[in-house]
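Trainee: Starting off with a structure, shown below.
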Amino acid sequence: MIKNGKIFLPPPGDESDFKEIFKRLAAAGAGRPLGKDGFPAGPWTPELLAEAISQIDSNRIGVDLRTVQLWFQENEKGISAANIRWLARVFGCDDPVATSEWQMELSAAQSRLSTKRREWKRAGSSVAREIPDTALAATFDDDTASPAELKRDTDAKGPRRRFSLARKSEAFFTHGSPLNLPASVFAGVTALGFLSYIMGIHSVTYGRADGVVKQVGFLWTANWTFVFMAFLPLFFAFVTELVTFWKDEGRPKLVGNRNKMESDDAWARSVEASSYSYWAVFLICVLFAGLFQWIGVSLIPLMKGGGNYATDWGSLAIVRPEVISVPEAIVFTGLAYLYMCLCFYLFFVGLILLYTVVH
């Protein structure tokens with residue numbers, strides 16, 4: 001059944017518990033949009049479902065991926081009342097009536113799962129021995145990881161939702177398509193090239209006092225054409241492919257770890273171990289190679305309007321004011337140095353990741 005362009009399955013209305021219902025709907029891809037060919041897009045994965053729940057407008061805090069992974073696993077974990085609401089929105093395909101029906105169905109299924117857990121506990125089965133006692137269970141939501149799991153996640157990721165420059169930087173190379181980063185770098189320098197053409201500084205000459213005519217156009221500088229248009233995109237493509245392969249395939253095979261989650265946690269710890277290096281490189285690239293260099297090389301000469309400064313496309317407004325004005329030059333050089341320092345930072349991130357792969 002199709003509802004709002006998504007696969008819709010009505011609540012079964014049987015005596016299935018939450019795990020049984022969730023397994024069937026996740027396998028059927030209930031709530032997923034139809035593919036371009038009009039057929040179902042496939043089953044839910046923990047990553048896709050967590051992203052879908054987090055994208056709900058009224059859900060400001062989202063849902064933790066680890067929580068969603070627990071729903072997919074064979075365990076006694078259920079689902080909290082708060083997450084029942086969001087999961088019902090997904091299975092109900094954003095239809096108010098269907099969402100309400102699924103919310104009642106999921107609540108009833110969770111109650112049946114809780115009843116089964118109490119019966120297992122009273123029976124003293126082997127399954128019951130894995131369930132935390134009542135006092136400890138009251139401390140955690142139904143879909144929250146156990147203390148051991150939380151400790152492992154804390155060791156791997158640090159405090160929950162804590163910003164990590166190392167992990168954010170690593171994500172540029174390992175998340176999404178391998179072409180995203182090289183294409184972005186190439187697009188950035190291309191945009192600067194078009195902007196220089198619009199401003200008229202792409203190809204400009206000026207005559208020195210000794211009669212020598214010098215080409216100072218932006219597109220004639222080798223470091224802005226060869227480095228940012230060719231070398232860096234190729235370097236980023238190489239590092240992205242290598243790191244992604246190592247993280248997803250090479251490392252698990254080498255260490256004989258068949259558990260993808262444990263392998264990802266170990267990789268995350270390796271990345272976090274170089275956190276100080278990421279911050280040091282970030283500060284050096286942004287502050288010194290970017291901000292301070294722009295102030296000393298471009299901003300001060302442009303503001304003073306003269307002095308013993310080398311003439312290039314950044315200071316062209318001093319000797320050729322008819323080509324570009326000082327305010328325009330300040331804006332353009334600011335954008336260029338911002339782009340340059342970020343590319344430098346990503347270049348060093350690539351080197352750090354290569355070091356992480358080797359070690």
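Residues are named by chain letter and number: chains run A, B, ... in the order of the structure tokens, numbers start at 1 in each chain, and ligands are numbered from 1 in the order shown.
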List every residue of segment 23-234 of chain A that DSSP, applied to the backbone, labels as helix (DSSP H, G or I), and write the result as a ChimeraX atom specification.
Mentor: /A:23-28,46-54,65-72,81-91,96-123,126-129,134-137,147-157,165-174,180-199,218-220,222-234
Trainee: Please identify all polymer residues within 9 Å of Lys3 of chain A, counting only C-alpha atoms, omitting same-chain residues fewer than 2 positions from it, and present them as a PyMOL selection string.
Mentor: chain A and resi 1+5-8+31+92-95
Trainee: Output N, CA and C atoms of each residue in that selection to a file, as a CSV table (one decimal), in the first residue's frame.
Mentor:
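Wrote it out as again-v3.csv, contents follow:
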chain,number,residue,atom,x,y,z
A,1,MET,N,0.8,-1.2,0.0
A,1,MET,CA,0.0,0.0,0.0
A,1,MET,C,0.9,1.2,0.0
A,5,GLY,N,3.5,8.7,-1.0
A,5,GLY,CA,4.7,8.3,-1.7
A,5,GLY,C,5.6,7.4,-1.0
A,6,LYS,N,5.1,6.7,0.0
A,6,LYS,CA,6.0,5.8,0.8
A,6,LYS,C,5.3,4.5,1.0
A,7,ILE,N,6.0,3.4,1.3
A,7,ILE,CA,5.5,2.1,1.5
A,7,ILE,C,4.8,2.1,2.9
A,8,PHE,N,3.5,1.7,2.9
A,8,PHE,CA,2.7,1.7,4.1
A,8,PHE,C,2.2,0.3,4.4
A,31,GLY,N,7.5,2.7,5.4
A,31,GLY,CA,7.8,4.1,5.7
A,31,GLY,C,8.9,4.7,4.8
A,92,GLY,N,3.9,5.3,9.9
A,92,GLY,CA,2.7,5.9,9.5
A,92,GLY,C,2.8,6.8,8.3
A,93,CYS,N,4.0,6.9,7.7
A,93,CYS,CA,4.2,7.7,6.5
A,93,CYS,C,3.7,9.1,6.6
A,94,ASP,N,3.9,9.7,7.8
A,94,ASP,CA,3.5,11.1,8.1
A,94,ASP,C,2.0,11.3,7.9
A,95,ASP,N,1.2,10.3,8.0
A,95,ASP,CA,-0.2,10.5,7.9
A,95,ASP,C,-0.7,10.5,9.4
Trainee: Have a look at A:Asp264, A:Asp210, A:Glu74, A:Glu170 and name the one nearest to Phe22 of chain A; count only C-alpha atoms.
Mentor: A:Glu74
Trainee: Show me, as a list in words, the residues that have an atom within 7 Å of Tyr278 of chain A when counting only C-alpha atoms, minus same-chain residues fewer than 2 positions from it.
Mentor: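 Listed by chain and then number, they are Leu165, Ala166, Ser274, Ser275, Tyr276, Ala280, Val281, Phe282 and Val349 of chain A.
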Trainee: Which neighbours of Glu241 of chain A fall inside 12 Å, counting only C-alpha atoms, when residues of the same chain fewer than 5 positions from it are skipped, and could you give them as a list in words?
Mentor: Phe172, Phe173, Thr174, His175, Gly176, Ser177, Pro178, Leu179, Asn180, Leu181, Pro182, Leu234, Phe235, Phe236, Trp246, Lys247, Asp248, Glu249, Gly250, Gly350, Leu353 and Leu354 of chain A
Trainee: As a compact mmCIF listing (two decimals) with C-alpha atoms, in the first residue's frame, please: the residues near segment 84-87 of chain A (cut-off 9 Å, only C-alpha atoms, same-chain neighbours under 2 positions excluded).
Mentor:
# COMPACT_ATOMS: atom_id res chain seq x y z
CA LEU A 49 16.27 4.68 10.05
CA ILE A 53 13.88 9.83 12.55
CA SER A 54 16.37 12.65 13.07
CA ILE A 56 11.51 14.77 11.48
CA ASN A 59 12.22 15.97 16.65
CA ILE A 79 11.74 1.01 22.81
CA SER A 80 11.09 4.03 24.98
CA ALA A 81 7.82 5.94 24.93
CA ALA A 82 9.50 8.96 23.35
CA ARG A 89 5.66 8.76 12.37
CA VAL A 90 7.97 6.77 10.11
CA PHE A 91 5.76 3.68 9.85
CA GLY A 92 2.67 5.88 9.51
CA THR A 99 0.63 7.50 12.83
CA SER A 100 -1.90 7.36 15.66
CA TRP A 102 0.91 2.77 14.74
CA GLN A 103 1.59 4.58 18.00
CA LEU A 106 3.81 -0.07 19.05
CA SER A 107 2.84 0.82 22.62
Trainee: Using only C-alpha atoms, which of the listed residues (A:Phe72, A:Phe39, A:Phe18, A:Trp279) sits closest to Lys116 of chain A?
Mentor: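 That would be A:Phe18, the residue with the smallest distance to Lys116 of chain A.
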Trainee: Which distance in Å separates atom CA of Ala266 of chain A and atom CA of Thr356 of chain A, to one decimal?
Mentor: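 One can read the atom CA of Ala266 of chain A to atom CA of Thr356 of chain A distance as 11.6 Å.
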Trainee: Quick one: residues within 12 Å of Gly334 of chain A, only C-alpha atoms, excluding same-chain residues fewer than 5 positions away - as an MDAnalysis selection string?
Mentor: chainID A and resid 192 290:299 302 314 327:329 339:341
Trainee: Give me a file of those residues, with C-alpha atoms, as an mmCIF file, in the first residue's frame.
Mentor:
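Listing of again-v1.cif after writing:
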data_model
loop_
_atom_site.group_PDB
_atom_site.id
_atom_site.type_symbol
_atom_site.label_atom_id
_atom_site.label_comp_id
_atom_site.auth_asym_id
_atom_site.auth_seq_id
_atom_site.Cartn_x
_atom_site.Cartn_y
_atom_site.Cartn_z
ATOM 1 C CA LEU A 192 37.658 31.796 -7.455
ATOM 2 C CA GLY A 290 45.170 31.986 6.740
ATOM 3 C CA LEU A 291 44.266 34.967 8.916
ATOM 4 C CA PHE A 292 47.660 36.384 9.900
ATOM 5 C CA GLN A 293 49.177 35.857 6.454
ATOM 6 C CA TRP A 294 46.198 37.571 4.802
ATOM 7 C CA ILE A 295 46.500 40.526 7.166
ATOM 8 C CA GLY A 296 50.241 40.890 6.610
ATOM 9 C CA VAL A 297 50.439 40.166 2.894
ATOM 10 C CA SER A 298 47.182 41.637 1.578
ATOM 11 C CA LEU A 299 45.110 43.632 4.056
ATOM 12 C CA LEU A 302 45.830 47.486 0.603
ATOM 13 C CA GLY A 314 46.295 40.467 -4.255
ATOM 14 C CA PRO A 327 37.374 47.027 -1.214
ATOM 15 C CA GLU A 328 36.975 44.481 -4.007
ATOM 16 C CA ALA A 329 40.564 43.341 -3.553
ATOM 17 C CA TYR A 339 39.824 28.752 0.855
ATOM 18 C CA MET A 340 43.587 28.226 0.896
ATOM 19 C CA CYS A 341 43.899 27.721 4.660
#
Trainee: Would you mind telling me which residue in A:Leu346, A:Val286, A:Val213, A:Leu338 lies nearest to Thr311 of chain A when using only C-alpha atoms?
Mentor: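 Looking only at the distances to Thr311 of chain A, the closest residue turns out to be A:Val213.
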Trainee: If we count only C-alpha atoms, what is near Val216 of chain A at a cut-off of 10 Å, once residues fewer than 2 positions away on the same chain are taken out, given as a ChimeraX atom specification?
Mentor: /A:201-206,213-214,218-221,311-316
Trainee: For the contact check between segment 149-238 of chain A and segment 330-333 of chain A, emit one row per residue of segment 149-238 of chain A within 10 Å, containing the shortest atom pair and the distance in Å rounded to one decimal, counting only C-alpha atoms, chain then rising number order, as JSON lines.
Mentor:
{"residue": "A:Leu192", "atom": "CA", "partner": "A:Phe332", "partner_atom": "CA", "distance": 8.2}
{"residue": "A:Leu195", "atom": "CA", "partner": "A:Phe332", "partner_atom": "CA", "distance": 8.1}
{"residue": "A:Ser196", "atom": "CA", "partner": "A:Phe332", "partner_atom": "CA", "distance": 7.9}
{"residue": "A:Met199", "atom": "CA", "partner": "A:Phe332", "partner_atom": "CA", "distance": 9.0}
Trainee: Considering only C-alpha atoms, can you say which of A:Ser277, A:Gln215, A:Thr240, A:Thr225 comes closest to Gly188 of chain A?
Mentor: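 Among the listed residues, the smallest separation from Gly188 of chain A belongs to A:Thr225.
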Trainee: My list of candidates is A:Cys285, A:Phe163, A:Val357, A:Arg269. Which is closest to Thr244 of chain A when distances are computed with only C-alpha atoms?
Mentor: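 Using only C-alpha atoms, Thr244 of chain A sits closest to A:Val357.
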Trainee: Among segment 175-311 of chain A, which residues does DSSP mark as strand (DSSP E) when it is run on the backbone? Keep the chain and numbering as in the structure and answer as JSON, numbers by chain.
Mentor: {"A": [205, 206, 207, 213, 214, 215]}
Trainee: When distances are computed from only C-alpha atoms, which of A:Arg66, A:Arg118, A:Lys77, A:Arg32 shows the smallest separation from Ala52 of chain A?
Mentor: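 Smallest separation from Ala52 of chain A among the options: A:Arg32.
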Trainee: Rounded to one decimal in Å, what is the spacing between atom CA of Glu51 of chain A and atom CA of Ser184 of chain A?
Mentor: 23.5 Å
